[in-house]
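Since the structure comes first, as structure tokens, the remarks are kept for the end.
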Amino acid sequence: SWTPDSIIQQAVEQIRARVGGRRVLSAVSGGVDSSVATALVHKAIGNQLTGVFVDHGLLRLNEREQVEAAFRRNLGVNLIVVDAEEQFLSKLSGVTDPEEKRRIIGETFIRTFEAEARKLGEMDFLVQGTIYPDVVESSGPDRSKAQKIKSHHNVGGLPPDLKFELIEPLRYLFKDEVRAVGEALGLPAELVWRQPFPGPGLAVRCLGELTRERLDRLRRADAIFTGELEQAGLLGKKAAGVEKVISQAFVALLPVRSVGVMGDCRTYEEAVALRAVTTDDFMTADWARLPYDLLGRVANRIVNEVKGINRVVYDVTSKPPATIEWE
Ligand code: XMP
């Protein structure tokens with residue numbers, strides 16, 4: 001039977017034997033799989049590994065700092081953080097169509113990553129956070145259909161225009177095994193127990209135009225909602241093993257303004273939708289029956305603490321017919 005330590009030991013031996021003295025590149029997204037894969041390869045070959053993390057300005061609150069702390073400070077990984085917010089937001093300026101946003105982000109991401117990789121010189125291997133369900137799913141019948149609905153962009157699935165051999169150390173592991181390995185490697189719980197986050201980031205949750213101000217509003221509202229869920233034990237590590245656990249929860253900023261009243265004054269500000277779902281496979285999903293008290297508290301806090309939002313609604317559609325994300 002497997003234990004995290006036996007998996008790690010075996011992977012470390014295999015990676016060392018394969019890589020020898022050569023150099024390895026890893027695209028770190030902050031997601032669970034790419035993080036654990038990177039930490040595992042680092043354990044095997046140390047400074048022969050370089051991680052590249054592209055900050056596209058579409059990350060959640062404190063996400064970049066968490067990734068930097070986890071890899072640089074805790075694990076001592078040689079991590080390059082590319083500050084590309086300006087570049088992404090200027091390319092996305094005025095764009096509101098969901099597929100157009102996805103296309104621009106995917107393309108800009110590959111360009112940015114390639115430019116960074118080139119600066120580093122000759123690299124022989126690229127780390128990919130492919131896990132066992134990805135291997136099975138990509139040969140399954142539903143894959144092509146799912147991809148037609150939205151053009152998914154995934155940092156792990158990056159096909160750079162450079163020649164690499166792939167290292168996929170999680171290829172035979174399920175998600176719970178990946179998390180156990182991540183914890184054993186010393187990655188922080190907030191990273192290991194993180195909910196899935198789409199490659200295009202907050203762009204597909206910020207409906208309408210992407211401005212720094214609107215993204216900031218969304219980030220702050222999202223942190224309030226997910227923070228309250230975590231505190232209630234409904235999301236994150238504390239929620240693991242609980243029946244009907246919330247699989248994904250976030251805030252979407254809507255492209256509408258509505259009238260409200262604050263004190264004696266009329267307001268005319270933006271609205272957000274809260275989204276929380278339960279699902280086994282993300283192909284279908286049910287909306288989470290969250291406690292009313294929690295919903296009320298979150299709504300109050302968002303309207304009081306985040307300037308520019310005066311209305312909060314809860315999304316009660318399942319998938320299908322809605323999708324989990326709003327774009
Ligand atoms: P939908 O919105 O299609 O989302 O019901 C299903 C799951 O996929 C995630 N998602 C993405 N993940 N790149 C990703 O890596 C993407 O472009 C992308 N779009 C959606 C979504 O968060 C949910 O978990």
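Ordering of the structure tokens sets the chain letters (A, B, ...), residue numbers begin anew at 1 in every chain, and ligands are numbered from 1 in the order given.
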Write out as a short mmCIF file (atom, residue, chain, number, x, y, z; two decimals) with C-alpha atoms, in the first residue's frame which residues come within 8 Å of A:Ala249 when counting only C-alpha atoms, dropping same-chain ones fewer than 3 positions away.
```cif
data_model
loop_
_atom_site.label_atom_id
_atom_site.label_comp_id
_atom_site.auth_asym_id
_atom_site.auth_seq_id
_atom_site.Cartn_x
_atom_site.Cartn_y
_atom_site.Cartn_z
CA GLN A 195 -10.40 24.96 -4.75
CA THR A 226 -14.60 32.46 0.56
CA ILE A 246 -18.64 22.71 -1.42
CA LEU A 274 -22.28 34.62 -5.14
CA ARG A 275 -21.71 31.17 -6.65
CA ALA A 276 -21.20 27.96 -4.64
CA VAL A 277 -21.60 24.45 -6.03
#
```
- [ ] Residues within 9 Å of ligand 1 should be enumerated using only C-alpha atoms and all ligand atoms and returned as number ranges by chain.
- [x] A: 102, 106, 146-147, 149-157, 195-201, 204, 247-248, 281-285, 319-320, 322-327
Could you write out that same residue set with C-alpha atoms as an mmCIF file, in the first residue's frame?
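Generated output (again-v9.cif):
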```
data_model
loop_
_atom_site.group_PDB
_atom_site.id
_atom_site.type_symbol
_atom_site.label_atom_id
_atom_site.label_comp_id
_atom_site.auth_asym_id
_atom_site.auth_seq_id
_atom_site.Cartn_x
_atom_site.Cartn_y
_atom_site.Cartn_z
ATOM 1 C CA ARG A 102 -10.021 33.645 -23.151
ATOM 2 C CA GLY A 106 -4.206 32.139 -23.531
ATOM 3 C CA ALA A 146 -16.750 20.043 -22.741
ATOM 4 C CA GLN A 147 -14.091 21.944 -24.629
ATOM 5 C CA ILE A 149 -18.582 25.023 -24.634
ATOM 6 C CA LYS A 150 -15.627 27.063 -23.408
ATOM 7 C CA SER A 151 -12.099 27.133 -24.708
ATOM 8 C CA HIS A 152 -10.366 26.079 -21.534
ATOM 9 C CA HIS A 153 -6.968 27.454 -20.893
ATOM 10 C CA ASN A 154 -4.768 25.585 -18.493
ATOM 11 C CA VAL A 155 -1.282 26.446 -17.379
ATOM 12 C CA GLY A 156 -0.590 22.724 -16.981
ATOM 13 C CA GLY A 157 -1.591 22.106 -20.588
ATOM 14 C CA GLN A 195 -10.398 24.964 -4.750
ATOM 15 C CA PRO A 196 -10.000 24.834 -8.548
ATOM 16 C CA PHE A 197 -9.317 28.174 -10.213
ATOM 17 C CA PRO A 198 -9.658 28.701 -13.983
ATOM 18 C CA GLY A 199 -6.574 29.500 -16.056
ATOM 19 C CA PRO A 200 -8.047 32.839 -17.249
ATOM 20 C CA GLY A 201 -8.509 33.720 -13.593
ATOM 21 C CA VAL A 204 -14.133 35.111 -16.543
ATOM 22 C CA SER A 247 -16.422 22.006 -4.404
ATOM 23 C CA GLN A 248 -16.068 25.539 -5.655
ATOM 24 C CA ASP A 281 -16.648 15.788 -11.545
ATOM 25 C CA PHE A 282 -17.393 19.443 -12.509
ATOM 26 C CA MET A 283 -19.295 18.172 -15.584
ATOM 27 C CA THR A 284 -22.565 18.562 -13.700
ATOM 28 C CA ALA A 285 -23.039 20.516 -10.486
ATOM 29 C CA LYS A 319 -25.126 22.837 -14.246
ATOM 30 C CA PRO A 320 -26.672 22.175 -16.691
ATOM 31 C CA ALA A 322 -25.858 27.030 -16.365
ATOM 32 C CA THR A 323 -22.118 26.444 -16.229
ATOM 33 C CA ILE A 324 -20.173 26.820 -12.987
ATOM 34 C CA GLU A 325 -18.317 29.937 -14.107
ATOM 35 C CA TRP A 326 -20.335 32.865 -15.488
ATOM 36 C CA GLU A 327 -18.238 33.137 -18.668
#
```
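Going from atom CA of A:Val312 over to atom CA of A:Gly30, you cover 28.2 Å.
Running DSSP on the backbone gives alpha helix (DSSP H) for these residues within stretch 17-74 of chain A: Ala17, Arg18, Val19, Val32, Asp33, Ser34, Ser35, Val36, Ala37, Thr38, Ala39, Leu40, Val41, His42, Lys43, Ala44, Ile45, Glu63, Arg64, Glu65, Gln66, Val67 and Glu68 of chain A.
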Saved selection, atoms kept: C-alpha atoms, as a PDB file, in the first residue's frame:
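Saved result, result_39.pdb, follows:
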```
ATOM      1  CA  ALA A  17      17.751   8.994 -12.713  1.00  0.00           C
ATOM      2  CA  ARG A  18      16.024  10.596 -15.663  1.00  0.00           C
ATOM      3  CA  VAL A  19      17.222  14.179 -15.338  1.00  0.00           C
ATOM      4  CA  VAL A  32      -2.729  22.315  -6.436  1.00  0.00           C
ATOM      5  CA  ASP A  33      -1.382  20.051  -9.170  1.00  0.00           C
ATOM      6  CA  SER A  34       1.304  22.299 -10.622  1.00  0.00           C
ATOM      7  CA  SER A  35       2.389  23.251  -7.097  1.00  0.00           C
ATOM      8  CA  VAL A  36       2.772  19.673  -5.870  1.00  0.00           C
ATOM      9  CA  ALA A  37       4.513  18.595  -9.092  1.00  0.00           C
ATOM     10  CA  THR A  38       6.962  21.478  -8.777  1.00  0.00           C
ATOM     11  CA  ALA A  39       7.667  20.786  -5.095  1.00  0.00           C
ATOM     12  CA  LEU A  40       8.272  17.118  -5.869  1.00  0.00           C
ATOM     13  CA  VAL A  41      10.705  17.817  -8.690  1.00  0.00           C
ATOM     14  CA  HIS A  42      12.466  20.376  -6.496  1.00  0.00           C
ATOM     15  CA  LYS A  43      12.909  17.770  -3.778  1.00  0.00           C
ATOM     16  CA  ALA A  44      14.576  15.509  -6.347  1.00  0.00           C
ATOM     17  CA  ILE A  45      16.902  17.932  -8.122  1.00  0.00           C
ATOM     18  CA  GLU A  63      -2.507  34.790  -4.226  1.00  0.00           C
ATOM     19  CA  ARG A  64       0.822  35.896  -5.625  1.00  0.00           C
ATOM     20  CA  GLU A  65       2.246  36.507  -2.154  1.00  0.00           C
ATOM     21  CA  GLN A  66       1.093  33.053  -1.020  1.00  0.00           C
ATOM     22  CA  VAL A  67       2.785  31.365  -3.967  1.00  0.00           C
ATOM     23  CA  GLU A  68       5.989  33.355  -3.453  1.00  0.00           C
TER      24      GLU A  68
END
```
Open item on the list: I need the residues in stretch 196-280 of chain A that are strand (DSSP E or B) according to DSSP; give them as an NGL selection string.
Closed with: :A and (206 or 248-262 or 265-278)
Pull C-alpha atoms from the residues just selected and write them as a JSON list (two decimals), in the first residue's frame.
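Generated output (part.json):
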```
[["chain", "number", "residue", "atom", "x", "y", "z"],
["A", 206, "CYS", "CA", -15.53, 39.97, -14.04],
["A", 248, "GLN", "CA", -16.07, 25.54, -5.65],
["A", 249, "ALA", "CA", -17.24, 28.94, -4.46],
["A", 250, "PHE", "CA", -16.54, 32.43, -5.75],
["A", 251, "VAL", "CA", -17.97, 35.85, -6.53],
["A", 252, "ALA", "CA", -18.81, 37.16, -10.01],
["A", 253, "LEU", "CA", -18.97, 40.89, -10.67],
["A", 254, "LEU", "CA", -21.92, 41.69, -12.94],
["A", 255, "PRO", "CA", -21.95, 44.27, -15.74],
["A", 256, "VAL", "CA", -24.97, 46.07, -14.32],
["A", 257, "ARG", "CA", -25.64, 48.85, -11.89],
["A", 258, "SER", "CA", -28.69, 49.17, -9.70],
["A", 259, "VAL", "CA", -30.19, 51.73, -7.35],
["A", 260, "GLY", "CA", -29.77, 51.45, -3.60],
["A", 261, "VAL", "CA", -29.87, 53.57, -0.48],
["A", 262, "MET", "CA", -27.06, 54.15, 2.02],
["A", 265, "CYS", "CA", -28.41, 58.90, 0.04],
["A", 266, "ARG", "CA", -29.27, 57.24, -3.20],
["A", 267, "THR", "CA", -26.58, 54.94, -4.59],
["A", 268, "TYR", "CA", -26.18, 53.65, -8.13],
["A", 269, "GLU", "CA", -23.52, 50.96, -8.06],
["A", 270, "GLU", "CA", -22.48, 47.52, -9.23],
["A", 271, "ALA", "CA", -23.93, 44.14, -8.24],
["A", 272, "VAL", "CA", -22.20, 40.83, -7.48],
["A", 273, "ALA", "CA", -23.43, 37.25, -7.62],
["A", 274, "LEU", "CA", -22.28, 34.62, -5.14],
["A", 275, "ARG", "CA", -21.71, 31.17, -6.65],
["A", 276, "ALA", "CA", -21.20, 27.96, -4.64],
["A", 277, "VAL", "CA", -21.60, 24.45, -6.03],
["A", 278, "THR", "CA", -21.31, 20.81, -5.05]]
```
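Each of A:Glu190, A:Ile309, A:Ile7, A:Val24 was checked against A:Gly227 using only C-alpha atoms; the smallest atom-to-atom distance is that of A:Glu190.
Nearest-residue note for A:Arg289: choosing from A:Ile302, A:Val316, A:Ile15, A:Leu210, the minimum distance belongs to A:Val316, counting only C-alpha atoms.
Checking A:Ser90, A:Val54, A:Phe125, A:Asp315 one by one against A:Arg111, counting only C-alpha atoms, you find the shortest gap at A:Val54.
Residue nearest A:Val245 within the list A:Ile105, A:Leu229, A:Leu25, A:Val181: A:Leu229 [criterion: smallest interatomic distance, only C-alpha atoms].
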